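**Q** Contents of upload26.json (JSON, C-alpha atoms and all ligand atoms) are below:
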```json
[["chain", "number", "residue", "atom", "x", "y", "z"],
["A", 95, "MET", "CA", 115.20, 96.06, 103.97],
["A", 96, "ARG", "CA", 115.52, 92.47, 102.82],
["A", 97, "VAL", "CA", 112.90, 89.94, 104.03],
["A", 98, "ASP", "CA", 112.93, 86.18, 103.47],
["A", 99, "VAL", "CA", 109.84, 84.11, 104.30],
["A", 100, "ILE", "CA", 110.08, 80.31, 104.57],
["A", 101, "THR", "CA", 106.72, 78.51, 104.33],
["A", 102, "ILE", "CA", 105.06, 75.47, 102.80],
["A", 103, "PHE", "CA", 102.44, 77.85, 101.30],
["A", 104, "PRO", "CA", 104.27, 80.65, 99.45],
["A", 105, "GLU", "CA", 100.94, 81.59, 97.75],
["A", 106, "TYR", "CA", 99.54, 82.43, 101.20],
["A", 107, "LEU", "CA", 101.83, 85.48, 101.15],
["A", 108, "SER", "CA", 100.32, 86.89, 97.93],
["A", 109, "PRO", "CA", 98.87, 89.95, 99.74],
["A", 110, "LEU", "CA", 102.49, 91.16, 99.87],
["A", 111, "ASP", "CA", 102.00, 92.12, 96.20],
["A", 112, "LEU", "CA", 99.24, 94.59, 97.10],
["A", 113, "SER", "CA", 98.70, 98.06, 98.50],
["A", 114, "LEU", "CA", 101.27, 99.66, 100.79],
["A", 115, "VAL", "CA", 103.60, 96.65, 101.00],
["A", 116, "GLY", "CA", 103.33, 96.01, 97.26],
["A", 117, "ARG", "CA", 104.24, 99.64, 96.53],
["A", 118, "ALA", "CA", 107.19, 99.52, 98.94],
["A", 119, "ARG", "CA", 108.45, 96.47, 97.04],
["A", 120, "ALA", "CA", 107.91, 98.08, 93.63],
["A", 121, "ARG", "CA", 109.91, 101.10, 94.83],
["A", 122, "GLY", "CA", 112.78, 98.95, 96.07],
["A", 123, "ILE", "CA", 112.32, 99.89, 99.75],
["A", 124, "LEU", "CA", 111.43, 96.30, 100.62],
["A", 125, "ASP", "CA", 113.04, 93.28, 98.94],
["A", 126, "VAL", "CA", 110.93, 90.15, 99.66],
["A", 127, "HIS", "CA", 112.05, 86.58, 98.90],
["A", 128, "LEU", "CA", 109.51, 83.76, 99.37],
["A", 129, "HIS", "CA", 110.81, 80.19, 99.77],
["A", 130, "ASP", "CA", 108.94, 76.88, 99.70],
["A", 131, "LEU", "CA", 110.29, 74.81, 102.60],
["A", 132, "ARG", "CA", 109.63, 71.61, 100.64],
["A", 133, "GLN", "CA", 112.52, 72.38, 98.31],
["A", 134, "TRP", "CA", 114.78, 71.44, 101.23],
["A", 135, "ALA", "CA", 112.94, 68.16, 101.98],
["A", 136, "SER", "CA", 115.08, 65.20, 100.96],
["A", 137, "ASP", "CA", 112.60, 62.34, 100.34],
["A", 138, "VAL", "CA", 110.55, 61.78, 97.18],
["A", 139, "HIS", "CA", 107.33, 62.85, 98.90],
["A", 140, "ARG", "CA", 108.93, 66.10, 100.09],
["A", 141, "THR", "CA", 107.84, 65.34, 103.67],
["A", 142, "VAL", "CA", 108.31, 68.13, 106.21],
["A", 143, "ASP", "CA", 106.44, 66.72, 109.23],
["A", 144, "ASP", "CA", 106.42, 63.73, 111.55],
["A", 145, "ALA", "CA", 104.63, 62.44, 114.68],
["A", 146, "PRO", "CA", 105.50, 64.15, 117.98],
["A", 147, "TYR", "CA", 107.77, 62.40, 120.47],
["A", 148, "GLY", "CA", 105.79, 61.66, 123.62],
["A", 149, "GLY", "CA", 102.58, 61.18, 121.63],
["A", 150, "GLY", "CA", 99.66, 63.57, 121.30],
["A", 151, "PRO", "CA", 97.63, 64.98, 118.44],
["A", 152, "GLY", "CA", 98.94, 66.49, 115.22],
["A", 153, "MET", "CA", 102.31, 66.54, 113.58],
["A", 154, "VAL", "CA", 105.54, 68.43, 114.19],
["A", 155, "MET", "CA", 107.74, 69.99, 111.49],
["A", 156, "ARG", "CA", 110.94, 68.02, 111.12],
["A", 157, "PRO", "CA", 114.23, 69.81, 111.82],
["A", 158, "GLU", "CA", 116.23, 68.79, 108.73],
["A", 159, "PRO", "CA", 114.42, 70.85, 106.05],
["A", 160, "TRP", "CA", 114.44, 73.92, 108.33],
["A", 161, "TRP", "CA", 118.11, 73.42, 109.09],
["A", 162, "ALA", "CA", 118.97, 73.18, 105.41],
["A", 163, "ALA", "CA", 116.79, 76.17, 104.51],
["A", 164, "LEU", "CA", 118.17, 78.41, 107.23],
["A", 165, "THR", "CA", 121.76, 77.43, 106.52],
["A", 166, "GLU", "CA", 121.32, 78.24, 102.85],
["A", 167, "ILE", "CA", 119.30, 81.43, 103.29],
["A", 168, "GLY", "CA", 120.61, 82.95, 106.48],
["A", 169, "GLY", "CA", 123.70, 81.09, 107.61],
["A", 170, "ALA", "CA", 127.27, 82.03, 106.96],
["A", 171, "GLY", "CA", 127.66, 82.16, 103.21],
["A", 172, "GLY", "CA", 123.91, 82.80, 102.70],
["A", 173, "PRO", "CA", 122.56, 83.86, 99.32],
["A", 174, "ASP", "CA", 123.59, 87.46, 99.66],
["A", 175, "PRO", "CA", 127.17, 87.96, 100.87],
["A", 176, "ALA", "CA", 126.62, 91.68, 100.34],
["A", 177, "MET", "CA", 124.42, 91.62, 103.45],
["A", 178, "GLY", "CA", 127.59, 90.86, 105.39],
["A", 179, "ARG", "CA", 125.80, 89.56, 108.47],
["A", 180, "ARG", "CA", 123.23, 87.13, 109.77],
["A", 181, "PRO", "CA", 119.58, 88.11, 109.45],
["A", 182, "ARG", "CA", 117.27, 88.52, 112.43],
["A", 183, "ILE", "CA", 115.27, 85.27, 112.48],
["A", 184, "ILE", "CA", 111.66, 85.42, 113.68],
["A", 185, "VAL", "CA", 109.34, 82.50, 114.37],
["A", 186, "PRO", "CA", 105.63, 83.44, 114.62],
["A", 187, "THR", "CA", 104.01, 81.19, 117.23],
["A", 188, "PRO", "CA", 101.14, 81.41, 119.72],
["A", 189, "VAL", "CA", 103.68, 80.70, 122.51],
["A", 190, "GLY", "CA", 105.82, 83.72, 121.61],
["A", 191, "ARG", "CA", 106.17, 87.16, 123.20],
["A", 192, "PRO", "CA", 103.40, 89.58, 122.16],
["A", 193, "PHE", "CA", 103.89, 91.59, 118.97],
["A", 194, "THR", "CA", 103.79, 95.32, 119.74],
["A", 195, "GLN", "CA", 104.31, 98.62, 117.93],
["A", 196, "ALA", "CA", 107.60, 99.03, 119.83],
["A", 197, "TYR", "CA", 108.83, 95.68, 118.52],
["A", 198, "ALA", "CA", 107.71, 96.61, 114.99],
["A", 199, "ALA", "CA", 109.82, 99.78, 115.30],
["A", 200, "ARG", "CA", 112.85, 97.71, 116.35],
["A", 201, "LEU", "CA", 112.39, 95.40, 113.38],
["A", 202, "ALA", "CA", 112.10, 98.40, 111.05],
["A", 203, "ASP", "CA", 115.71, 99.27, 111.98],
["A", 204, "GLU", "CA", 117.03, 95.86, 110.87],
["A", 205, "PRO", "CA", 118.55, 95.41, 107.41],
["A", 206, "TRP", "CA", 117.43, 91.79, 107.02],
["A", 207, "LEU", "CA", 114.61, 89.67, 108.51],
["A", 208, "VAL", "CA", 113.76, 85.99, 108.04],
["A", 209, "PHE", "CA", 110.28, 84.73, 109.00],
["A", 210, "CYS", "CA", 109.88, 80.99, 109.59],
["A", 211, "CYS", "CA", 106.23, 79.99, 109.17],
["A", 212, "GLY", "CA", 105.42, 76.83, 111.10],
["A", 213, "ARG", "CA", 102.33, 74.72, 110.43],
["A", 214, "TYR", "CA", 100.74, 71.79, 112.29],
["A", 215, "GLU", "CA", 101.80, 71.68, 115.96],
["A", 216, "GLY", "CA", 104.89, 73.78, 115.25],
["A", 217, "ILE", "CA", 108.56, 73.42, 114.37],
["A", 218, "ASP", "CA", 110.89, 71.00, 116.22],
["A", 219, "THR", "CA", 112.15, 73.04, 119.17],
["A", 220, "ARG", "CA", 115.81, 72.34, 118.40],
["A", 221, "VAL", "CA", 115.55, 74.45, 115.25],
["A", 222, "ILE", "CA", 114.16, 77.33, 117.28],
["A", 223, "GLU", "CA", 116.83, 77.00, 119.98],
["A", 224, "GLU", "CA", 119.59, 77.00, 117.40],
["A", 225, "TRP", "CA", 118.34, 79.66, 114.99],
["A", 226, "ALA", "CA", 115.53, 81.89, 116.26],
["A", 227, "ASP", "CA", 116.21, 85.35, 117.60],
["A", 228, "ASP", "CA", 112.56, 85.94, 118.51],
["A", 229, "GLU", "CA", 109.41, 83.84, 118.93],
["A", 230, "ILE", "CA", 106.48, 86.20, 118.49],
["A", 231, "SER", "CA", 102.69, 85.88, 118.96],
["A", 232, "ILE", "CA", 100.27, 88.30, 117.31],
["A", 233, "GLY", "CA", 97.53, 87.58, 119.86],
["A", 234, "ASP", "CA", 96.00, 85.13, 122.28],
["A", 235, "TYR", "CA", 94.39, 82.83, 119.73],
["A", 236, "VAL", "CA", 95.67, 79.97, 117.61],
["A", 237, "LEU", "CA", 96.00, 80.32, 113.83],
["A", 238, "ALA", "CA", 96.62, 77.44, 111.42],
["A", 239, "GLY", "CA", 100.19, 78.58, 110.80],
["A", 240, "GLY", "CA", 102.63, 81.48, 110.87],
["A", 241, "GLU", "CA", 101.78, 82.93, 107.43],
["A", 242, "VAL", "CA", 99.01, 85.32, 108.49],
["A", 243, "ALA", "CA", 101.06, 86.41, 111.51],
["A", 244, "THR", "CA", 103.96, 87.14, 109.16],
["A", 245, "LEU", "CA", 101.68, 89.27, 106.97],
["A", 246, "VAL", "CA", 100.53, 91.20, 110.03],
["A", 247, "MET", "CA", 104.08, 91.84, 111.24],
["A", 248, "LEU", "CA", 105.41, 92.74, 107.81],
["A", 249, "GLU", "CA", 102.66, 95.28, 107.20],
["A", 250, "ALA", "CA", 103.27, 96.92, 110.58],
["A", 251, "VAL", "CA", 107.03, 97.05, 109.92],
["A", 252, "THR", "CA", 106.77, 98.24, 106.30],
["A", 253, "ARG", "CA", 104.66, 101.26, 107.32],
["A", 254, "LEU", "CA", 107.58, 102.37, 109.47],
["A", 255, "LEU", "CA", 110.26, 102.16, 106.77],
["A", 256, "PRO", "CA", 111.46, 105.60, 105.64],
["A", 257, "GLY", "CA", 109.61, 106.80, 102.55],
["A", 258, "VAL", "CA", 106.73, 104.31, 102.72],
["A", 259, "VAL", "CA", 104.03, 106.44, 104.38],
["A", 260, "GLY", "CA", 103.82, 109.82, 102.62],
["A", 261, "ASN", "CA", 103.06, 111.94, 105.66],
["A", 262, "ALA", "CA", 105.55, 110.75, 108.29],
["A", 263, "GLU", "CA", 103.44, 112.47, 110.97],
["A", 264, "SER", "CA", 100.62, 110.00, 110.44],
["A", 265, "VAL", "CA", 102.95, 107.22, 111.63],
["A", 266, "VAL", "CA", 103.98, 109.26, 114.70],
["A", 267, "ASP", "CA", 100.31, 109.90, 115.65],
["A", 268, "ASP", "CA", 99.29, 106.27, 115.30],
["A", 269, "SER", "CA", 97.49, 104.43, 118.00],
["A", 270, "PHE", "CA", 100.18, 102.91, 120.28],
["A", 271, "ALA", "CA", 103.00, 105.18, 119.05],
["A", 272, "SER", "CA", 102.20, 107.58, 121.92],
["A", 273, "GLY", "CA", 101.04, 104.80, 124.23],
["A", 274, "LEU", "CA", 97.42, 105.96, 123.72],
["A", 275, "LEU", "CA", 94.76, 104.86, 121.27],
["A", 276, "GLU", "CA", 94.26, 107.43, 118.52],
["A", 277, "ALA", "CA", 91.43, 109.96, 118.76],
["A", 278, "PRO", "CA", 88.37, 109.43, 116.52],
["A", 279, "VAL", "CA", 88.52, 110.80, 112.97],
["A", 280, "TYR", "CA", 85.89, 112.46, 110.75],
["A", 281, "THR", "CA", 85.53, 113.77, 107.21],
["A", 282, "ARG", "CA", 82.77, 115.51, 105.27],
["A", 283, "PRO", "CA", 79.80, 115.95, 105.49],
["A", 284, "PRO", "CA", 79.67, 117.88, 108.80],
["A", 285, "VAL", "CA", 76.30, 116.33, 109.67],
["A", 286, "TRP", "CA", 75.51, 112.80, 108.53],
["A", 287, "GLN", "CA", 72.43, 110.80, 109.53],
["A", 288, "GLY", "CA", 71.89, 113.24, 112.38],
["A", 289, "HIS", "CA", 75.46, 112.81, 113.73],
["A", 290, "GLU", "CA", 77.51, 115.97, 113.87],
["A", 291, "VAL", "CA", 81.28, 116.28, 113.65],
["A", 292, "PRO", "CA", 82.55, 117.81, 116.95],
["A", 293, "ALA", "CA", 82.54, 121.60, 116.51],
["A", 294, "VAL", "CA", 86.11, 121.98, 117.74],
["A", 295, "LEU", "CA", 87.43, 120.02, 114.73],
["A", 296, "ARG", "CA", 85.78, 122.58, 112.42],
["A", 297, "SER", "CA", 86.93, 125.60, 114.44],
["A", 298, "GLY", "CA", 90.33, 126.06, 112.78],
["A", 299, "ASP", "CA", 91.82, 126.53, 116.29],
["A", 300, "HIS", "CA", 94.77, 124.14, 116.11],
["A", 301, "GLY", "CA", 95.62, 124.48, 119.80],
["A", 302, "ALA", "CA", 92.08, 123.51, 120.78],
["A", 303, "ILE", "CA", 92.05, 120.69, 118.23],
["A", 304, "GLY", "CA", 95.33, 119.29, 119.62],
["A", 305, "ARG", "CA", 93.98, 119.41, 123.20],
["A", 306, "TRP", "CA", 90.68, 117.78, 122.15],
["A", 307, "ARG", "CA", 92.54, 114.99, 120.37],
["A", 308, "ARG", "CA", 94.77, 114.35, 123.36],
["A", 309, "ASP", "CA", 91.84, 114.35, 125.82],
["A", 310, "THR", "CA", 89.73, 112.10, 123.63],
["A", 311, "ALA", "CA", 92.62, 109.71, 123.03],
["A", 312, "LEU", "CA", 93.14, 109.55, 126.78],
["A", 313, "LEU", "CA", 89.47, 108.86, 127.59],
["A", 314, "ARG", "CA", 89.20, 106.31, 124.81],
["A", 315, "THR", "CA", 92.26, 104.52, 126.16],
["A", 316, "ALA", "CA", 90.98, 104.65, 129.77],
["A", 317, "HIS", "CA", 87.69, 103.14, 128.62],
["A", 318, "ARG", "CA", 88.85, 100.53, 126.12],
["A", 319, "ARG", "CA", 92.41, 99.69, 127.11],
["A", 320, "PRO", "CA", 93.04, 100.75, 130.70],
["A", 321, "ASP", "CA", 96.05, 98.38, 130.73],
["A", 322, "LEU", "CA", 97.86, 100.71, 128.29],
["A", 323, "LEU", "CA", 97.63, 103.67, 130.67],
["A", 324, "GLU", "CA", 100.00, 101.99, 133.14],
["A", 325, "ALA", "CA", 102.89, 102.79, 130.80],
["A", 326, "VAL", "CA", 101.88, 106.42, 130.08],
["A", 327, "ASP", "CA", 103.18, 109.40, 132.08],
["A", 328, "LEU", "CA", 99.92, 111.21, 132.83],
["A", 329, "THR", "CA", 99.94, 114.94, 133.51],
["A", 330, "GLU", "CA", 97.82, 116.66, 136.18],
["A", 331, "HIS", "CA", 95.53, 117.74, 133.36],
["A", 332, "ASP", "CA", 95.21, 114.14, 132.14],
["A", 333, "ARG", "CA", 94.23, 112.97, 135.62],
["A", 334, "ALA", "CA", 91.70, 115.76, 135.95],
["A", 335, "ILE", "CA", 90.13, 114.83, 132.57],
["A", 336, "CYS", "CA", 89.85, 111.18, 133.64],
["A", 337, "ALA", "CA", 88.31, 112.14, 136.99],
["A", 338, "GLU", "CA", 85.88, 114.56, 135.31],
["A", 339, "HIS", "CA", 84.60, 111.72, 133.12],
["A", 340, "GLY", "CA", 84.30, 109.23, 135.94],
["A", 341, "MET", "CA", 87.34, 107.19, 134.90],
["A", 342, "GLY", "CA", 90.19, 106.23, 137.11],
["A", 343, "ASP", "CA", 93.51, 106.96, 135.44],
["A", 344, "HIS", "CA", 94.70, 103.43, 136.07],
["A", 345, "GLY", "CA", 92.10, 101.09, 134.87],
["A", 346, "THR", "CA", 88.75, 101.77, 136.47],
["A", 347, "ALA", "CA", 86.74, 102.81, 133.48],
["A", 348, "GLY", "CA", 83.22, 104.07, 133.87],
["A", 349, "GLY", "CA", 80.77, 106.03, 131.77],
["A", 350, "ALA", "CA", 79.98, 105.74, 128.07],
["A", 351, "ASP", "CA", 82.56, 104.96, 125.43],
["A", 352, "PRO", "CA", 84.01, 108.43, 124.75],
["A", 353, "ASN", "CA", 83.87, 108.48, 120.98],
["A", 354, "GLY", "CA", 84.56, 112.12, 120.48],
["A", 355, "ARG", "CA", 82.01, 113.15, 123.11],
["A", 356, "VAL", "CA", 84.34, 115.15, 125.31],
["A", 357, "ALA", "CA", 83.05, 118.35, 126.92],
["A", 358, "GLN", "CA", 84.47, 121.27, 124.94],
["B", 401, "LIG", "N1", 100.78, 80.75, 114.69],
["B", 401, "LIG", "C1", 99.61, 80.24, 115.14],
["B", 401, "LIG", "N2", 98.98, 81.09, 115.96],
["B", 401, "LIG", "C2", 99.78, 82.20, 116.04],
["B", 401, "LIG", "C3", 99.68, 83.43, 116.73],
["B", 401, "LIG", "N3", 98.65, 83.71, 117.54],
["B", 401, "LIG", "N4", 100.66, 84.33, 116.58],
["B", 401, "LIG", "C4", 101.72, 84.05, 115.80],
["B", 401, "LIG", "N5", 101.87, 82.91, 115.12],
["B", 401, "LIG", "C5", 100.91, 81.99, 115.23]]
```
In structure tokens, how does this file's structure come out?

**A**
Amino acid sequence: MRVDVITIFPEYLSPLDLSLVGRARARGILDVHLHDLRQWASDVHRTVDDAPYGGGPGMVMRPEPWWAALTEIGGAGGPDPAMGRRPRIIVPTPVGRPFTQAYAARLADEPWLVFCCGRYEGIDTRVIEEWADDEISIGDYVLAGGEVATLVMLEAVTRLLPGVVGNAESVVDDSFASGLLEAPVYTRPPVWQGHEVPAVLRSGDHGAIGRWRRDTALLRTAHRRPDLLEAVDLTEHDRAICAEHGMGDHGTAGGADPNGRVAQ
């Protein structure tokens, strides 16, 4: 997958050199190109912002540098004719649609993504109307710009690229992949500071372990994120487990946070 990031702070993206994303780049699975937007600014001061029409606080990013950057990088005759098509252009913004695991999976199927990192009060809306395929928010809070949101999205997408995560099953079991939060996890020692690892996980009975994980994931989700259950097809067994633990299966959570403390 090719990814271009346009920003006025290319150094902000330096975590892309590290860890899982860094390794995916080193192995040629992910081909990242960082661009400084100011190289497309035309005045001597390399200005990329201006006061908002209609007044109000802050500054707005001017359209011309974005237009020039996107035409050169992603327009017809972009830098890589071998790509043979336009990239998918994403603008991180607090007014966008929520970023989800399902959307990350859709992006992981694309050959080429461009992230446009706005700063200040955002990018002139005409650029977004003309170029953006998606405006995406990573949560209901306001960051100083799109760079951190781009890092978040790129990490979520890179994990899903074939060959990046060694054990492909660990991606399938992820929280959100099934619509449920993942069950709690433990490693050695079996007893630590008086807290014991649930016996079922040490039983070697893989059927029982699978059922325990499903039940615990369900109760955790009912307790912490009842909103997620609306989209899950619950079985009779699931409903019975919720009822047994005093939780409605559609949002009325009661009882203690079920961190692995499911009756066995
Ligand atoms: N830019 C500023 N805040 C943001 C957010 N919550 N999500 C995506 N991009 C942003």

**Q** Which protein, DNA or RNA residues have an atom within 12 Å of ligand LIG 401 (chain B), counting only C-alpha atoms and all ligand atoms, as an MDAnalysis selection string?

**A** chainID A and resid 184:194 209:217 228:247

**Q** Just the number, please: distance in Å from CA of Arg179 (chain A) to CA of Ala226 (chain A), one decimal.

**A**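 If I compute the distance from CA of Arg179 (chain A) to CA of Ala226 (chain A), I get 15.0 Å.
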
**Q** Near Ala163 (chain A), within 8 Å and counting all atoms listed in the file, which residues show up once chain neighbours fewer than 2 positions away are dropped, as a PDB file with C-alpha atoms, keeping the file's coordinate frame?

**A**
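Result written to result.pdb:
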```
ATOM      1  CA  ILE A 100     110.080  80.310 104.570  1.00  0.00           C
ATOM      2  CA  LEU A 131     110.290  74.810 102.600  1.00  0.00           C
ATOM      3  CA  TRP A 134     114.780  71.440 101.230  1.00  0.00           C
ATOM      4  CA  PRO A 159     114.420  70.850 106.050  1.00  0.00           C
ATOM      5  CA  TRP A 160     114.440  73.920 108.330  1.00  0.00           C
ATOM      6  CA  TRP A 161     118.110  73.420 109.090  1.00  0.00           C
ATOM      7  CA  THR A 165     121.760  77.430 106.520  1.00  0.00           C
ATOM      8  CA  GLU A 166     121.320  78.240 102.850  1.00  0.00           C
ATOM      9  CA  ILE A 167     119.300  81.430 103.290  1.00  0.00           C
TER      10      ILE A 167
END
```

**Q** In Å to one decimal, how far is CA of Gln195 (chain A) from CA of Ala271 (chain A)?

**A**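 About the pair CA of Ala271 (chain A) and CA of Gln195 (chain A): they are 6.8 Å apart.
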
**Q** Could you check the closest approach to Pro256 (chain A) for each of A:Gly122, A:Pro283, A:Gly304, A:Pro320 and tell me which residue wins, using all atoms listed in the file?

**A** A:Gly122

**Q** So what do you get for CA of Arg307 (chain A) versus CA of Glu324 (chain A), distance-wise?

**A**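 Answer for the CA of Arg307 (chain A) to CA of Glu324 (chain A) separation: 19.7 Å.
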
**Q** Using only C-alpha atoms, collect all residues at a distance of at most 12 Å from (110.8, 64.6, 105.9) as written in the file, then present them as a list in words.

**A**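 The residues that fall inside the cut-off are Leu131, Arg132, Gln133, Trp134, Ala135, Ser136, Asp137, Val138, His139, Arg140, Thr141, Val142, Asp143, Asp144, Ala145, Met153, Val154, Met155, Arg156, Pro157, Glu158, Pro159, Trp160, Trp161 and Ala162 of chain A.
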
**Q** Could you pull the residues within 8 Å of region 196-205 of chain A, counting all atoms listed in the file, minus those fewer than 6 positions along the same chain, as a PyMOL selection string?

**A** chain A and resi 95-96+181-182+247+250-252+254-255+271

**Q** For each of A:Leu107, A:Leu128, A:Leu274, A:Leu112, take the minimum atom-to-atom distance to Val326 (chain A), counting all atoms listed in the file, then give the residue where this is smallest.

**A**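 Smallest separation from Val326 (chain A) among the options: A:Leu274.
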
**Q** Could you check the closest approach to Arg305 (chain A) for each of A:Arg180, A:Arg220, A:His127, A:His331 and tell me which residue wins, using all atoms listed in the file?

**A**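 When distances to Arg305 (chain A) are compared using all atoms listed in the file, the smallest one comes from A:His331.
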
**Q** Taking all listed atoms of region 283-301 of chain A, build the axis-aligned box, pad each of the six sides by 5 Å, then write its centre and edge lengths in Å to one decimal as lines of an AutoDock Vina configuration file.

**A**
```
center_x = 83.8
center_y = 118.7
center_z = 112.6
size_x = 33.7
size_y = 25.7
size_z = 24.3
```

**Q** Find, counting only C-alpha atoms, the residue in A:Val291, A:Gly149, A:Gly273, A:Asp309 that gets nearest to Asp327 (chain A).

**A**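 Using only C-alpha atoms, the shortest distance to Asp327 (chain A) belongs to A:Gly273.
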